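Take a look at the structure below.
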Amino acid sequence: MTKLYKTGKKSLFLIIILMVFITSGFIGAVPVKASTVSTAYFSVDGELIKSNYYMQNGHVMVPDLFFKHTGATVEKNTKYNSIAVVRNNFVALPLEKSYMDYYVKDKNKWVREYLATTTTVINNRPYIPLVVTAKKLGMNVTYDSKIRRTFIQTNTPEKPIAYEKANITEKKIALTFDDGPDKLITPQLLDILKEKEVAATFFVVGEQVSYFPQLSKRMVEEGHTIANHTWDHPQLSKLYTDDVVQQIRSTNEIIEKVTGVKATLFRPPYGDYTLADAIVFDRLGFKNIMWSVDTIDWSGNSAEEILSIVHRDKSPGGIVLQHNFQNSKLQGTVDALPQMIDQLRAEGYEFVTIDGLLK
Ligand SMILES: [Zn+2]
C-alpha cells in the first residue's frame, strides 16, 4: 500500500481502472448476476437438452457439465483452477479468466485464445463459452434464428447402447432390484426367489454392500446376478467425470472383495446419464442397463398396483424395475413378488438374469 501512495492520486486512479479492466475480462465484460441466467433447449445430435445459459458479449455461456451431453469428459482441475473439457482434443478454461488454452495435436503445442467473455462461477457452477469450446473439440455448431435454437453436431462415431429390453421373441423376462442390500426388504425377497427358484439381478449400491456384506454374498450364492449401481446413488449428470469413474470403481471393488464377482452390468441411479457418462460405462467394460417395466414401487404402490403395471407392460425380453432399500413403502414389492412370479409363469414366461437375457 505504501508504494501506491507514493505514486500519487492520479496513478492510483489509473491503477484501479487498469485492475477493474483486467478482472472484468478486458473487453468490458460485466460480472453476471444469477438473475440473468435463463433456460433453453439445445439440440445435441437431434436430442433436445434443457440447460441454463446466459449471454455475454455475443457468447452463449453454459454450465461446464453441459458438455457431458456432447460426449466430452469434464473435470475441474484444482491445481490450475480451471475446467478441462476433453474429447479428441483438450480445452482448458481457467475460472474468472477471459481466455482458453487448447491443445493443437499436429503442432504438439498449447495455444492460448483470448475471448470477449469470462468463465464465471454462478451458484457454484462454472459457466463456459459454448460455441468456441465445441468447435475446438471438433463439433459443428449452428444457430437457427427463426426458431432461436442452437444445434450441436458432436460427430461422435459410435454411441454406446443402453438396454431397455432384449430384442427377442422367446418369453424370457428379467426381474431387477435396485439400491440394496438392506436388512428389511432384501432378505424377504431372497427367501421368495429361493422358494420359487427364480434368479434375479440385483443392482447394488456400494455403500450398502459395505454395510451388509453377508446379504451381498447370499445374492451370489443363490444364483442371482450382482450388478453395479454406484457407491451412494448420485445423479451422474451432475458429477465431474473423475467422480463418475470413482463411483463405479469403488462399488466394483467392494462387490469383488465381498463376493469374488467382477460385476459387468451397470445401471445409473434414476436412469440419469449423459453421453460422456455412457462412454465411461463402456470404457470401464459395463453394459448400461435400463428397464422396460417400471413398477414405481418406491412410491408406495400396493401389490395390486405393481401387478397390474407388470401385466400391462410385460413383453418377451422385458426388464422389470423394482427396489430393495429399507423403507416400509416397499412392502408392496414383497407382497407382489410371489404372485408376479406365478402369473408370469402361467403365461409361459421364463425368468432369467440380465446376463441370461442379453446373451
Ligand atoms: Zn437406484
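Chains: A, B, ... in order of the C-alpha cells. Residues: from 1 per chain. Ligands: from 1, in order shown.
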
| Who sits within 12 Å of A:Phe67, only C-alpha atoms, same chain under 5 positions skipped, as number ranges by chain | A: 42, 44, 49, 51, 61-62, 72-75, 83-87, 91, 126-131, 133-135, 137, 139, 152, 154, 237-241, 274-277

| Given 8 Å and only C-alpha atoms and all ligand atoms, residues near ligand 1 as a count of residues only | 11

Return as CSV the residues of stretch 147-261 of chain A lying at most 10 Å from stretch 280-298 of chain A, together with the closest atom-to-atom pair for each and the distance in Å to one decimal, counting only C-alpha atoms, with rows in chain order and ascending residue number.
```
residue,atom,partner,partner_atom,distance
A:Lys159,CA,A:Asp282,CA,9.5
A:Pro160,CA,A:Asp282,CA,6.6
A:Ile161,CA,A:Asn288,CA,7.0
A:Ala162,CA,A:Asn288,CA,4.9
A:Tyr163,CA,A:Ile289,CA,5.0
A:Glu164,CA,A:Trp291,CA,4.5
A:Lys165,CA,A:Ser292,CA,5.9
A:Ala166,CA,A:Ser292,CA,9.5
A:Ala174,CA,A:Trp291,CA,9.4
A:Leu175,CA,A:Val293,CA,9.5
A:Thr176,CA,A:Trp291,CA,8.7
A:Phe203,CA,A:Ile289,CA,9.7
A:Ala227,CA,A:Phe286,CA,9.6
A:Asn228,CA,A:Phe286,CA,8.9
A:Thr241,CA,A:Val280,CA,8.1
A:Asp242,CA,A:Val280,CA,9.9
A:Val244,CA,A:Val280,CA,8.1
A:Val245,CA,A:Val280,CA,7.2
A:Ile248,CA,A:Phe281,CA,8.3
A:Arg249,CA,A:Leu284,CA,8.6
```

Would you save the residues from that selection as a compact mmCIF listing (two decimals), in the first residue's frame, using N, CA and C atoms?
```txt
# COMPACT_ATOMS: atom_id res chain seq x y z
N LYS A 159 -22.14 -44.36 -30.62
CA LYS A 159 -22.62 -44.12 -29.25
C LYS A 159 -22.92 -45.46 -28.57
N PRO A 160 -22.54 -45.61 -27.30
CA PRO A 160 -22.80 -46.88 -26.61
C PRO A 160 -24.31 -47.14 -26.47
N ILE A 161 -24.65 -48.42 -26.43
CA ILE A 161 -26.07 -48.81 -26.34
C ILE A 161 -26.52 -48.78 -24.88
N ALA A 162 -27.79 -48.37 -24.66
CA ALA A 162 -28.44 -48.57 -23.36
C ALA A 162 -29.53 -49.61 -23.59
N TYR A 163 -29.54 -50.67 -22.77
CA TYR A 163 -30.50 -51.76 -22.96
C TYR A 163 -31.77 -51.51 -22.15
N GLU A 164 -32.88 -51.30 -22.84
CA GLU A 164 -34.16 -51.19 -22.14
C GLU A 164 -34.83 -52.55 -22.08
N LYS A 165 -34.53 -53.38 -23.03
CA LYS A 165 -35.01 -54.76 -23.07
C LYS A 165 -34.17 -55.52 -24.08
N ALA A 166 -34.37 -56.85 -24.13
CA ALA A 166 -33.65 -57.63 -25.12
C ALA A 166 -34.54 -57.80 -26.34
N ALA A 174 -36.63 -60.54 -17.17
CA ALA A 174 -35.65 -60.39 -16.08
C ALA A 174 -36.22 -59.49 -14.98
N LEU A 175 -36.18 -59.99 -13.75
CA LEU A 175 -36.56 -59.17 -12.60
C LEU A 175 -35.31 -58.49 -12.07
N THR A 176 -35.39 -57.17 -11.84
CA THR A 176 -34.24 -56.46 -11.28
C THR A 176 -34.66 -55.69 -10.03
N PHE A 203 -29.04 -54.69 -8.62
CA PHE A 203 -28.15 -53.55 -8.84
C PHE A 203 -27.88 -52.94 -7.46
N ALA A 227 -24.92 -56.59 -9.67
CA ALA A 227 -24.55 -55.56 -10.65
C ALA A 227 -24.34 -54.23 -9.94
N ASN A 228 -23.69 -53.31 -10.64
CA ASN A 228 -23.19 -52.05 -10.07
C ASN A 228 -24.22 -50.92 -10.22
N THR A 241 -16.42 -36.01 -14.43
CA THR A 241 -16.14 -37.35 -14.92
C THR A 241 -15.30 -38.18 -13.94
N ASP A 242 -14.32 -37.57 -13.31
CA ASP A 242 -13.49 -38.27 -12.30
C ASP A 242 -14.37 -38.89 -11.22
N VAL A 244 -17.55 -39.71 -11.45
CA VAL A 244 -18.35 -40.80 -12.03
C VAL A 244 -17.53 -42.09 -12.01
N VAL A 245 -16.29 -41.98 -12.47
CA VAL A 245 -15.39 -43.14 -12.51
C VAL A 245 -15.20 -43.70 -11.10
N ILE A 248 -18.16 -45.73 -9.75
CA ILE A 248 -18.29 -47.06 -10.36
C ILE A 248 -17.17 -47.99 -9.87
N ARG A 249 -15.95 -47.47 -9.86
CA ARG A 249 -14.80 -48.29 -9.48
C ARG A 249 -14.90 -48.77 -8.02
```

| task | Run DSSP on the backbone and give me the residues of stretch 128-233 of chain A it puts in helix (DSSP H, G or I), as a PyMOL selection string. | result | chain A and resi 130-136+185-196+206-211+213-221

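Here atom CA of A:Ala336 is placed at a distance of 26.7 Å from atom CA of A:Thr230.
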